[in-house]
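Undergrad: Here you go, this is work33.cif (mmCIF, C-alpha atoms; chains and numbers go by the auth columns).
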data_my_file
#
loop_
_atom_site.group_PDB
_atom_site.id
_atom_site.type_symbol
_atom_site.label_atom_id
_atom_site.label_comp_id
_atom_site.label_asym_id
_atom_site.label_seq_id
_atom_site.Cartn_x
_atom_site.Cartn_y
_atom_site.Cartn_z
_atom_site.B_iso_or_equiv
_atom_site.auth_seq_id
_atom_site.auth_asym_id
ATOM 1 C CA MET A 1 116.506 108.088 105.156 0.00 753 A
ATOM 2 C CA GLU A 2 116.700 105.509 102.439 0.00 754 A
ATOM 3 C CA GLY A 3 114.800 105.930 99.228 0.00 755 A
ATOM 4 C CA CYS A 4 114.898 107.166 95.678 0.00 756 A
ATOM 5 C CA CYS A 5 114.772 110.835 96.745 0.00 757 A
ATOM 6 C CA PRO A 6 117.161 111.122 99.708 0.00 758 A
ATOM 7 C CA ASP A 7 117.638 114.883 99.256 0.00 759 A
ATOM 8 C CA ILE A 8 114.037 115.742 100.072 0.00 760 A
ATOM 9 C CA PRO A 9 113.865 117.318 103.542 0.00 761 A
ATOM 10 C CA TRP A 10 111.965 115.467 106.275 0.00 762 A
ATOM 11 C CA GLN A 11 109.374 118.274 106.501 0.00 763 A
ATOM 12 C CA TRP A 12 108.483 117.850 102.815 0.00 764 A
ATOM 13 C CA ARG A 13 108.240 114.085 103.236 0.00 765 A
ATOM 14 C CA MET A 14 105.854 114.518 106.140 0.00 766 A
ATOM 15 C CA LEU A 15 103.801 117.034 104.165 0.00 767 A
ATOM 16 C CA GLY A 16 103.555 114.574 101.253 0.00 768 A
ATOM 17 C CA PHE A 17 102.590 111.800 103.678 0.00 769 A
ATOM 18 C CA VAL A 18 99.843 113.862 105.314 0.00 770 A
ATOM 19 C CA VAL A 19 98.463 115.283 102.045 0.00 771 A
ATOM 20 C CA SER A 20 98.390 111.844 100.375 0.00 772 A
ATOM 21 C CA ALA A 21 96.789 110.205 103.403 0.00 773 A
ATOM 22 C CA ILE A 22 94.141 112.932 103.677 0.00 774 A
ATOM 23 C CA ALA A 23 93.422 112.688 99.926 0.00 775 A
ATOM 24 C CA GLY A 24 93.025 108.922 100.312 0.00 776 A
ATOM 25 C CA TRP A 25 90.708 109.335 103.285 0.00 777 A
ATOM 26 C CA PHE A 26 88.750 111.941 101.303 0.00 778 A
ATOM 27 C CA PHE A 27 88.183 109.533 98.404 0.00 779 A
ATOM 28 C CA SER A 28 87.175 106.764 100.789 0.00 780 A
ATOM 29 C CA PHE A 29 84.815 109.120 102.619 0.00 781 A
ATOM 30 C CA TYR A 30 83.505 110.592 99.360 0.00 782 A
ATOM 31 C CA ALA A 31 82.641 107.066 98.268 0.00 783 A
ATOM 32 C CA THR A 32 79.969 107.013 100.970 0.00 784 A
ATOM 33 C CA PHE A 33 78.183 109.835 99.133 0.00 785 A
ATOM 34 C CA SER A 34 77.498 107.452 96.292 0.00 786 A
ATOM 35 C CA VAL A 35 74.877 105.804 98.497 0.00 787 A
ATOM 36 C CA LEU A 36 72.151 106.855 96.078 0.00 788 A
ATOM 37 C CA GLY A 37 73.880 104.820 93.384 0.00 789 A
ATOM 38 C CA ILE A 38 74.171 101.899 95.785 0.00 790 A
ATOM 39 C CA ALA A 39 70.453 102.125 96.543 0.00 791 A
ATOM 40 C CA MET A 40 69.759 101.983 92.804 0.00 792 A
ATOM 41 C CA GLY A 41 71.961 98.916 92.407 0.00 793 A
ATOM 42 C CA ASN A 42 75.138 100.619 91.087 0.00 794 A
ATOM 43 C CA ILE A 43 77.884 99.860 93.560 0.00 795 A
ATOM 44 C CA THR A 44 80.743 100.233 91.062 0.00 796 A
ATOM 45 C CA THR A 45 81.246 103.960 91.738 0.00 797 A
ATOM 46 C CA PHE A 46 81.457 103.335 95.464 0.00 798 A
ATOM 47 C CA ALA A 47 83.928 100.476 95.062 0.00 799 A
ATOM 48 C CA THR A 48 86.114 102.432 92.642 0.00 800 A
ATOM 49 C CA LEU A 49 86.278 105.563 94.813 0.00 801 A
ATOM 50 C CA PHE A 50 86.861 103.536 97.967 0.00 802 A
ATOM 51 C CA SER A 51 89.633 101.466 96.354 0.00 803 A
ATOM 52 C CA LEU A 52 91.293 104.578 94.927 0.00 804 A
ATOM 53 C CA GLY A 53 91.252 106.121 98.404 0.00 805 A
ATOM 54 C CA GLN A 54 92.796 103.024 99.961 0.00 806 A
ATOM 55 C CA ILE A 55 95.542 102.914 97.325 0.00 807 A
ATOM 56 C CA MET A 56 96.336 106.588 97.967 0.00 808 A
ATOM 57 C CA CYS A 57 96.521 105.915 101.710 0.00 809 A
ATOM 58 C CA TYR A 58 98.994 103.092 101.151 0.00 810 A
ATOM 59 C CA ALA A 59 100.976 105.235 98.697 0.00 811 A
ATOM 60 C CA SER A 60 101.321 107.920 101.361 0.00 812 A
ATOM 61 C CA PHE A 61 103.698 105.600 103.216 0.00 813 A
ATOM 62 C CA CYS A 62 106.130 106.060 100.304 0.00 814 A
ATOM 63 C CA PHE A 63 106.545 109.662 101.439 0.00 815 A
ATOM 64 C CA TYR A 64 106.963 108.592 105.053 0.00 816 A
ATOM 65 C CA SER A 65 109.856 106.184 104.565 0.00 817 A
ATOM 66 C CA GLY A 66 110.634 106.302 100.843 0.00 818 A
ATOM 67 C CA PRO A 67 109.298 104.077 98.054 0.00 819 A
ATOM 68 C CA LYS A 68 112.113 101.543 98.168 0.00 820 A
ATOM 69 C CA SER A 69 111.892 100.879 101.887 0.00 821 A
ATOM 70 C CA THR A 70 108.077 100.928 101.787 0.00 822 A
ATOM 71 C CA VAL A 71 107.996 98.152 99.193 0.00 823 A
ATOM 72 C CA ARG A 72 110.668 96.234 101.127 0.00 824 A
ATOM 73 C CA ASP A 73 108.662 96.640 104.357 0.00 825 A
ATOM 74 C CA LEU A 74 105.530 95.212 102.707 0.00 826 A
ATOM 75 C CA LYS A 75 107.230 91.822 102.804 0.00 827 A
ATOM 76 C CA THR A 76 108.355 91.849 106.445 0.00 828 A
ATOM 77 C CA PRO A 77 106.844 89.147 108.665 0.00 829 A
ATOM 78 C CA GLY A 78 104.767 91.637 110.677 0.00 830 A
ATOM 79 C CA ARG A 79 103.203 93.185 107.591 0.00 831 A
ATOM 80 C CA LEU A 80 103.088 90.373 105.047 0.00 832 A
ATOM 81 C CA LEU A 81 99.683 89.072 106.109 0.00 833 A
ATOM 82 C CA ALA A 82 98.251 92.611 106.271 0.00 834 A
ATOM 83 C CA THR A 83 99.682 93.321 102.811 0.00 835 A
ATOM 84 C CA MET A 84 98.178 90.145 101.370 0.00 836 A
ATOM 85 C CA LEU A 85 94.818 90.863 103.011 0.00 837 A
ATOM 86 C CA MET A 86 94.909 94.404 101.647 0.00 838 A
ATOM 87 C CA LEU A 87 95.708 93.310 98.094 0.00 839 A
ATOM 88 C CA VAL A 88 93.115 90.541 98.034 0.00 840 A
ATOM 89 C CA SER A 89 90.389 92.664 99.620 0.00 841 A
ATOM 90 C CA LEU A 90 90.982 95.622 97.267 0.00 842 A
ATOM 91 C CA ILE A 91 90.942 93.382 94.209 0.00 843 A
ATOM 92 C CA MET A 92 87.865 91.537 95.426 0.00 844 A
ATOM 93 C CA THR A 93 86.098 94.823 96.254 0.00 845 A
ATOM 94 C CA LEU A 94 86.464 95.919 92.644 0.00 846 A
ATOM 95 C CA VAL A 95 85.757 92.485 91.146 0.00 847 A
ATOM 96 C CA SER A 96 82.648 91.937 93.240 0.00 848 A
ATOM 97 C CA ALA A 97 81.285 95.388 92.423 0.00 849 A
ATOM 98 C CA VAL A 98 81.958 95.164 88.680 0.00 850 A
ATOM 99 C CA ALA A 99 80.597 91.610 88.535 0.00 851 A
ATOM 100 C CA GLY A 100 77.381 92.798 90.170 0.00 852 A
ATOM 101 C CA TRP A 101 77.621 90.707 93.323 0.00 853 A
ATOM 102 C CA ASP A 102 75.393 91.475 96.268 0.00 854 A
ATOM 103 C CA PHE A 103 76.096 94.677 98.216 0.00 855 A
ATOM 104 C CA TRP A 104 76.790 92.759 101.420 0.00 856 A
ATOM 105 C CA ILE A 105 79.595 90.789 99.808 0.00 857 A
ATOM 106 C CA VAL A 106 81.199 94.014 98.595 0.00 858 A
ATOM 107 C CA LEU A 107 80.794 95.455 102.087 0.00 859 A
ATOM 108 C CA VAL A 108 82.655 92.486 103.609 0.00 860 A
ATOM 109 C CA PHE A 109 85.624 93.171 101.303 0.00 861 A
ATOM 110 C CA VAL A 110 85.497 96.881 102.151 0.00 862 A
ATOM 111 C CA ILE A 111 85.602 96.089 105.877 0.00 863 A
ATOM 112 C CA LEU A 112 88.482 93.657 105.358 0.00 864 A
ATOM 113 C CA SER A 113 90.352 96.325 103.397 0.00 865 A
ATOM 114 C CA MET A 114 89.857 98.874 106.170 0.00 866 A
ATOM 115 C CA ALA A 115 90.994 96.366 108.785 0.00 867 A
ATOM 116 C CA ALA A 116 94.137 95.591 106.754 0.00 868 A
ATOM 117 C CA TYR A 117 94.921 99.328 106.480 0.00 869 A
ATOM 118 C CA LEU A 118 94.502 99.792 110.228 0.00 870 A
ATOM 119 C CA TRP A 119 96.658 96.729 110.911 0.00 871 A
ATOM 120 C CA TYR A 120 99.360 97.915 108.500 0.00 872 A
ATOM 121 C CA SER A 121 99.307 101.428 109.989 0.00 873 A
ATOM 122 C CA CYS A 122 99.677 100.096 113.521 0.00 874 A
ATOM 123 C CA THR A 123 102.838 98.197 112.561 0.00 875 A
ATOM 124 C CA LEU A 124 104.593 101.440 111.602 0.00 876 A
ATOM 125 C CA PHE A 125 105.262 102.508 115.154 0.00 877 A
#
Could you take the file, read its structure, and then write that structure out as structure tokens?
TA:
Amino acid sequence: MEGCCPDIPWQWRMLGFVVSAIAGWFFSFYATFSVLGIAMGNITTFATLFSLGQIMCYASFCFYSGPKSTVRDLKTPGRLLATMLMLVSLIMTLVSAVAGWDFWIVLVFVILSMAAYLWYSCTLF
């Protein structure tokens, strides 16, 4: 196991991975409860919670393989496009929500972000 904390047992790494991933999924899921705000024209809360959840899900991979190798793996040919799509879609989700763009545009970036996460996750195994 390569990383900045090589002495951490595998069981603790897996626990950190699972807890971080579940917390990320929780924030992304919790974002859907801000539908009332979306209906009233305030999509910023949804976009912020969703983006925070996605970032936590990606950060969970640091527990899985270590921060150093996770960052290195972001640039591998199989993951580079997914990484770029993830970064652009997360940034554009927040920008479009804060700028007050139409809900459907924000939703497109949310879907792209979810697709990039699924794509990135599938390249792990």
Undergrad: Given all atoms listed in the file as the basis, pick out the residue of A:Phe781, A:Trp762, A:Ala799, A:Thr828 nearest to Ile857 in chain A.
TA: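 Using all atoms listed in the file, the shortest distance to Ile857 in chain A belongs to A:Ala799.
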Undergrad: Separation of CA of Phe813 in chain A and CA of Ala775 in chain A, in Å?
TA: 12.9 Å
Undergrad: If you apply the PyMOL selection byres ((chain A and resi 832-840) around 8) to this file, what residues do you get, as a PyMOL selection string?
TA: chain A and resi 826-831+841-844+864-865+868-869+871-872
Undergrad: When distances are computed from all atoms listed in the file, which of A:Ser817, A:Ser812, A:Ser873, A:Thr822 shows the smallest separation from Val771 in chain A?
TA: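 Using all atoms listed in the file, Val771 in chain A sits closest to A:Ser812.
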Undergrad: Expressed in Å to a single decimal, how great is the separation between CA of Ala811 in chain A and CA of Leu876 in chain A?
TA: 13.9 Å
Undergrad: Just say which residues the PyMOL selection byres ((chain A and resi 795) around 8) picks in this file, as a PyMOL selection string.
TA: chain A and resi 789-790+793-794+796-799+849-850+852+855
Undergrad: Edge lengths and centre, in Å to one decimal, as lines of an AutoDock Vina configuration file: that's what I need for the box along x, y and z that holds all listed atoms of range 771-788 of chain A plus 8 Å on each side.
TA:
center_x = 85.3
center_y = 110.5
center_z = 99.9
size_x = 42.3
size_y = 25.5
size_z = 23.6
Undergrad: I need the residue nearest Val847 in chain A from this list: A:Phe861, A:Phe769, A:Phe785, A:Tyr816. Use all atoms listed in the file for the distance.
TA: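 Nearest to Val847 in chain A: A:Phe861.
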Undergrad: In Å, how far is it from CA of Arg824 in chain A to CA of Val860 in chain A?
TA: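 Between CA of Arg824 in chain A and CA of Val860 in chain A the gap works out to 28.4 Å.
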Undergrad: Using the chain letters and numbers from the file, which residues does the PyMOL selection byres ((chain A and resi 778-780) around 10) grab, as number ranges by chain?
TA: A: 772-777, 781-785, 798-809, 866
